[in-house]
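Read through the structure below, which is laid out as structure tokens, and then see the notes.
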Protein chains: 2
Amino acid sequence: MPVLAGGLLAALTVAFGTAVAFAPKPRITWEHREVQLLRFHEPGIYNYSALLLSEDQGTLYIGAREAVFAVNALNVSEKQHEVYWRVSEGKRAKCAEKGKSKQTECLNYIRVLQPLSATALYVCGTNAFQPTCDHLNLTSFTFLGRNEDGKGRCPFDPAHSYTSVMVDGELYTGTSYNFLGSEPVISRSSAHSPLRTEYAIPWLNEPKFVFADVIRKSPAEGEDDRVYFFFTEVSVEYEFVFRLQIPRIARVCKGDQGGLRTLQKKWTSFLKAKLICSRRDGSLVFNVLRDVFVLRAPDLKAPVFYALFAPQLNNVGLSAVCAYDLSTAEDVFSHGKYMQSATVEHSHTKWVRYNGPVPRPRPGACIDSETRAANYTSSLNLPDKTLQFVKDHPLMDGSVMPVDNRPRLVKKDVNYTQIVVDRTRALDGTAYDVMFVSTDQGALHKAVSLENTVHLIEETQLFQDFEPVQTLVLSSKKGWGSVYAGSRSGVVQAPLAFCGKHGSCEDCVLARDPYCVWSPSAAACVALPQAEGDARGLIQDMRGDTSVCPAWPPKPSPPPGSSSLSCPGPAAPSS
Amino acid sequence: MPVLAGGLLAALTVAFGTAVAFAPKPRITWEHREVQLLRFHEPGIYNYSALLLSEDQGTLYIGAREAVFAVNALNVSEKQHEVYWRVSEGKRAKCAEKGKSKQTECLNYIRVLQPLSATALYVCGTNAFQPTCDHLNLTSFTFLGRNEDGKGRCPFDPAHSYTSVMVDGELYTGTSYNFLGSEPVISRSSAHSPLRTEYAIPWLNEPKFVFADVIRKSPAEGEDDRVYFFFTEVSVEYEFVFRLQIPRIARVCKGDQGGLRTLQKKWTSFLKAKLICSRRDGSLVFNVLRDVFVLRAPDLKAPVFYALFAPQLNNVGLSAVCAYDLSTAEDVFSHGKYMQSATVEHSHTKWVRYNGPVPRPRPGACIDSETRAANYTSSLNLPDKTLQFVKDHPLMDGSVMPVDNRPRLVKKDVNYTQIVVDRTRALDGTAYDVMFVSTDQGALHKAVSLENTVHLIEETQLFQDFEPVQTLVLSSKKGWGSVYAGSRSGVVQAPLAFCGKHGSCEDCVLARDPYCVWSPSAAACVALPQAEGDARGLIQDMRGDTSVCPAWPPKPSPPPGSSSLSCPGPAAPSS
């Protein structure tokens with residue numbers, strides 16, 4: 001039986017003097033045993049944390065500890081291929097000599113799993129603190145044995161943060177560059193133009209990398225593609241009793257070639273800004289990034305970044321989601337003021353807004369048609385003044401504010417770990433961004449924003465053992481949409497909705513799930529058909545108004561095991 | 001029936017990645033109807049927020065809205081005297097003309113209720129935004145009608161913060177000086193030497209005053225008495241996404257006469273420092289002061305300040321108590337470094353540690369025998385250099401750290417409002433500091449520190465309507481110890497313990513209440529007698545080990561309405 005909790009409206013918790021509205025409890029909770037989820041797990045193999053979905057091939061690639069698998073994306077329990085990449089005994093012994101645990105740390109954790117071509121993946125692993133990369137041939141499902149040095153592409157330590165994205169065959173990564181993990185780097189591995197960040201506090205200050213992705217620009221407008229990085233680092237601009245963390249968005253330009261003298265083999269286009277995710281009254285400040293998802297949809301002019309946060313201070317189980325328009329971030333980078341550091345009383349550094357003259361071309365800007373028209377065709381021939389300025393001023397003064405200047409979701413008593421977002425159309429054609437958010441207790445929350453409130457449609461217990469969800473991947477392919485979740489013990493595949501579990505029209509409507517409609521002809525709650533012609537006679541009401549249901553139908557008896565909710569709508573027979 | 005919750009050990013809540021230990025739930029909860037508490041309430045009178053206890057006279061004075069009462073301290077329901085101080089209709093109309101509410105704000109809220117002599121109290125009220133003070137003759141219980149201007153002694157607005165303490169017939173106050181409440185001041189009202197703070201951000205930056213008290217020094221050592229002020233203000237030294245609050249302790253010297261030219265009629269001894277109340281790992285930072293209590297006891301070398309805090313950021317129901325040794329604060333003021341402000345890039349101010357030379361006599365120090373030996377007999381003849389320095393550097397660099405460098409109590413899902421602390425001896429002679437902490441829901445928590453843990457002995461619902469407790473006063477007079485709690489609706493008197501409600505030796509021992517012992521001869525749980533000779537045969541064990549109880553006694557049947565706890569000790573008959 002599903003557990004019913006919360007009401008139609010968001011719960012109101014009155015903090016001392018301040019009313020703070022939190023998302024309600026999930027309306028329905030599906031226990032693990034209630035939902036038959038597909039699962040992949042290979043005996044003896046752990047840490048299924050790298051997931052890569054190929055919708056074209058219908059394959060989910062899974063990077064685990066010392067192994068890579070290919071499974072059927074329609075049914076993850078069907079293994080298609082496997083290949084092992086184990087650390088040699090000699091290497092493990094050497095790693096253990098350096099004081100690392102032979103049983104846990106001195107193994108090969110797959111950290112990079114990126115598409116290289118239609119027939120090959122690029123794979124990197126920690127390899128007993130000797131990060132190494134290789135090509136995985138997808139036809140034979142064997143490694144080519146290239147044994148590339150993975151330094152700067154993959155962390156040495158499996159406990160360290162990392163992120164990567166493959167762009168036109170070149171790998172962009174954020175990770176640490178050395179054994180100790182003390183030298184952070186954002187770099188591009190490229191045969192013809194490898195680039196990296198300066199090793200300096202103003203560039204990266206103990207960052208924890210969370211996410212990276214490329215945003216393509218229209219070539220017609222002569223604009224360069226950008227690669228965005230998301231991380232949390234130690235703030236240089238803020239101070240409190242303890243060191244403050246600050247969430248950042250950074251970006252580099254794909255066409256960057258580095259400088260000729262100044263910033264040689266370094267990014268000339270590295271700029272970063274702070275992300276704000278707070279309640280307007282300042283009572284809640286979320287400054288630790290957990291995950292980011294880029295939502296792209298045909299009806300969205302530009303991608304939207306969905307970011308998952310926790311607070312650093314006084315976090316006794318608080319999580320939030322903020323959404324950011326790409327244009328807001330671009331605006332800060334392209335037109336905002338810079339920050340600069342000043343020395344106070346010989347020994348203190350304070351970062352303040354820089355109000356002085358800014359050299360031309362604009363420091364950190366991508367080379368575009370305008371720059372080219374001024375005869376700067378490459379970063380290699382940018383003037384030293386511009387390069388020196390961006391070297392000293394990588395931090396923007398402006399903040400990247402969230403959409404509507406507030407979090408889209410704030411939840412108490414939960415620690416969210418990962419987020420994916422699906423944009424879907426309800427029966428009436430309205431588009432909804434459905435947030436799938438995983439917890440550190442193995443659950444998945446499905447939430448949707450409805451006029452001034454957030455509706456937590458349902459909670460699904462993905463993992464029986466309440467283990468933290470480490471990775472989430474979304475397949476929004478029409479007809480077989482799924483969420484894939486990786487954890488220490490395996491990978492679970494969950495459908496986007498459990499429409500069939502709602503046994504009556506009232507239950508189906510009260511679920512307020514944009515994926516589900518009541519079909520009077522089938523007398524069942526079914527997935528909303530994608531073809532528009534099929535919608536005739538179907539019933540859905542995202543306000544949860546059950547008066548849309550047939551007034552007094554011969555109520556079909558619910559199938560065994562289906563949900564039975566005691567929350568009567570206005571016209572529910574039981575009311 | 002009391003509600004039993006929590007175990008013998010502090011509950012452990014695992015926050016995301018960090019284990020944070022919180023105080024457990026109260027072991028016993030006494031509902032309002034279970035405890036017959038004495039109560040005072042005068043029909044039509046509200047806001048019983050000013051309480052003053054005279055243990056000598058056995059009288060509790062109560063300042064409410066437009067009235068002052070004297071009640072029997074042994075039984076607050078026995079009214080001894082009453083006097084009304086109402087705002088005239090003309091004044092109320094004038095106040096309403098200024099945009100204030102005639103029904104609520106334009107009344108006379110008693111804010112200062114201080115002993116002036118054995119036969120008089122000093123009373124100030126907001127008086128429809130025209131703060132006024134008067135003398136209350138205790139013999140006739142009538143006001144003398146002195147109609148003194150209360151500006152600087154009492155706030156204009158009943159919603160504004162205030163604190164005051166009477167020292168040798170002179171009133172020391174922290175409040176706002178004007179109608180708008182925008183000019184904060186810490187002042188001394190004195191016929192011969194009135195003093196106040198400079199109106200400048202470095203001195204007071206939007207403070208919320210919480211508490212003030214005098215600490216006497218031994219005259220034999222030639223040292224001056226000090227008056228301490230506690231408040232929360234906007235931090236100048238820290239910055240975050242939103243303005244940060246910072247809790248402060250400030251002190252002035254009683255003998256201060258102000259400067260002759262510089263700091264004329266201003267404090268020459270005003271220094272302030274930040275109070276730290278945080279978890280060592282920085283995950284919890286409590287930076288909003290709620291209340292302070294000064295614990296004095298014969299076996300304590302110096303008073304201990306108990307301070308109640310909430311966090312400013314992400315506070316979804318967190319409270320903490322930190323204790324501070326007077327010597328720690330004195331050390332920061334007497335030997336610590338000062339902070340100074342520096343201007344950065346023309347428009348920003350940053351406060352940093354001042355490392356330059358400090359003039360002699362030490363700026364802000366009280367005039368003591370050493371200063372007098374150097375011929376500075378009064379603040380009036382302190383050199384300009386010292387005065388100018390303290391005018392510019394009122395903020396100390398050092399932090400006042402709590403005892404053991406950590407909170408004494410951290411509680412989740414509660415908003416504490418007030419604190420009083422009683423130091424009492426258990427049967428074995430060990431001294432315990434028993435904290436009585438009120439909540440914004442009308443409850444009182446009684447907690448005691450036991451080796452590495454906090455034991456929440458009990459929760460008592462003082463007010464039926466769950467209204468916030470606004471004031472707490474402790475009477476620790478042996479024999480009739482009580483806690484008096486003031487709220488909007490009235491005053492409640494609660495005993496320090498409910499020993500008689502524990503029906504068996506096991507229940508009495510498991511309560512781990514230092515006030516309660518099991519008397520085998522009386523076959524009852526009774527208050528620990530204060531005379532040492534009476535202790536023979538009595539049973540108590542602060543570890544809650546019930547094996548100290550008689551092995552298999554003929555168990556007396558519990559009196560009706562007494563507590564019956566299902567938590568068996570090692571030797572409990574039911575185990």
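Lettering and numbering for the structure tokens are positional, with chains as A, B, ... in the shown order, residues counted from 1 in each chain, and ligands counted from 1 in the shown order.
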| request: Identify, on the basis of only C-alpha atoms, every residue whose closest approach to range 407-412 of chain A does not exceed 6 Å; exclude the query and any residue fewer than 4 positions from it along the same chain; express the result as a ChimeraX atom specification. | output: /A:22-23,317-322
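Using only C-alpha atoms, the part of chain A that sits within 7 Å of chain B is made up of Ala15, Phe16, Tyr238, Glu239, Phe240, Phe242, Gly282, Ser283, Leu284, Val285, Gln312, Leu313, Asn314, Asn315, Val316, Gly317, Ala342, Val344 and Asn415 of chain A.
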Selected residues written out, C-alpha atoms, as a tab-separated table (two decimals), in the first residue's frame:
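Written output follows (part32.tsv):
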chain	number	residue	atom	x	y	z
A	15	ALA	CA	10.35	29.32	11.72
A	16	PHE	CA	10.96	31.66	14.63
A	238	TYR	CA	33.13	36.34	1.58
A	239	GLU	CA	34.18	35.62	5.15
A	240	PHE	CA	32.51	34.32	8.30
A	242	PHE	CA	34.44	29.59	9.36
A	282	GLY	CA	18.09	35.72	3.25
A	283	SER	CA	16.95	33.21	5.84
A	284	LEU	CA	17.98	30.28	3.63
A	285	VAL	CA	21.27	30.37	1.73
A	312	GLN	CA	26.97	24.73	4.12
A	313	LEU	CA	25.87	26.19	7.45
A	314	ASN	CA	23.38	24.68	9.88
A	315	ASN	CA	22.40	22.00	7.40
A	316	VAL	CA	20.28	19.54	9.28
A	317	GLY	CA	18.72	18.15	6.12
A	342	ALA	CA	43.36	44.53	-3.00
A	344	VAL	CA	44.78	45.64	3.10
A	415	ASN	CA	19.59	15.27	1.42
Contacts of Cys516 in chain A at 6 Å (only C-alpha atoms; same-chain gap of 2+ positions) as a list in words
Cys499, Asp513, Pro514, Val526, Ala527 and Leu528 of chain A
Would you export the selected residues with C-alpha atoms as a PDB file, in the first residue's frame, please?
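Wrote it out as again18.pdb, contents follow:
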ATOM      1  CA  CYS A 499       0.113   5.666 -14.110  1.00  0.00           C
ATOM      2  CA  ASP A 513       1.078  13.757 -12.742  1.00  0.00           C
ATOM      3  CA  PRO A 514       1.440  15.344 -16.190  1.00  0.00           C
ATOM      4  CA  VAL A 526      -2.619   5.360 -18.560  1.00  0.00           C
ATOM      5  CA  ALA A 527       0.426   7.180 -19.889  1.00  0.00           C
ATOM      6  CA  LEU A 528      -0.579  10.214 -21.914  1.00  0.00           C
TER       7      LEU A 528
END
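Near Ala485 in chain B, within 10 Å and counting only C-alpha atoms, sit Arg39, Tyr48, Ser49, Leu51, Gln418, Ser438, Gly442, Ala443, Leu444, Leu462, Phe463, Pro468, Val469, Gln470, Thr471, Leu472, Val473, Leu474, Ser482, Val483, Ser487, Gly490, Val491, Val492, Gln493 and Ala494 of chain B; same-chain residues fewer than 2 positions away were not included.
Backbone DSSP of range 411-546 of chain B yields alpha helix (DSSP H) at Cys505, Glu506, Asp507, Cys508, Val509 and Leu510 of chain B.
For range 22-68 of chain B, the set of residues given strand (DSSP E) by DSSP on the backbone reads Ile28, Thr29, Trp30, Leu38, Arg39, Phe40, Ala50, Leu51, Leu52, Leu53, Ser54, Thr59, Leu60, Tyr61, Ile62, Gly63, Ala64, Ala67 and Val68 of chain B.
Interatomic distance, CA of Leu496 in chain A to CA of Arg536 in chain A: 22.6 Å.
With CA of Arg512 in chain B on one side and CA of Phe293 in chain B on the other, the separation reads 23.6 Å.
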Judged by only C-alpha atoms, the minimum distance to Thr430 in chain A among A:Tyr515, A:Gly258, A:Leu456, A:Lys477 is found for A:Tyr515
In terms of only C-alpha atoms, the residue from A:Gln388, A:Ser379, A:Ser218, A:Gln114 at minimal distance from Leu136 in chain A is A:Gln114
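Here CA of Glu221 in chain B is placed at a distance of 19.8 Å from CA of Val167 in chain B.
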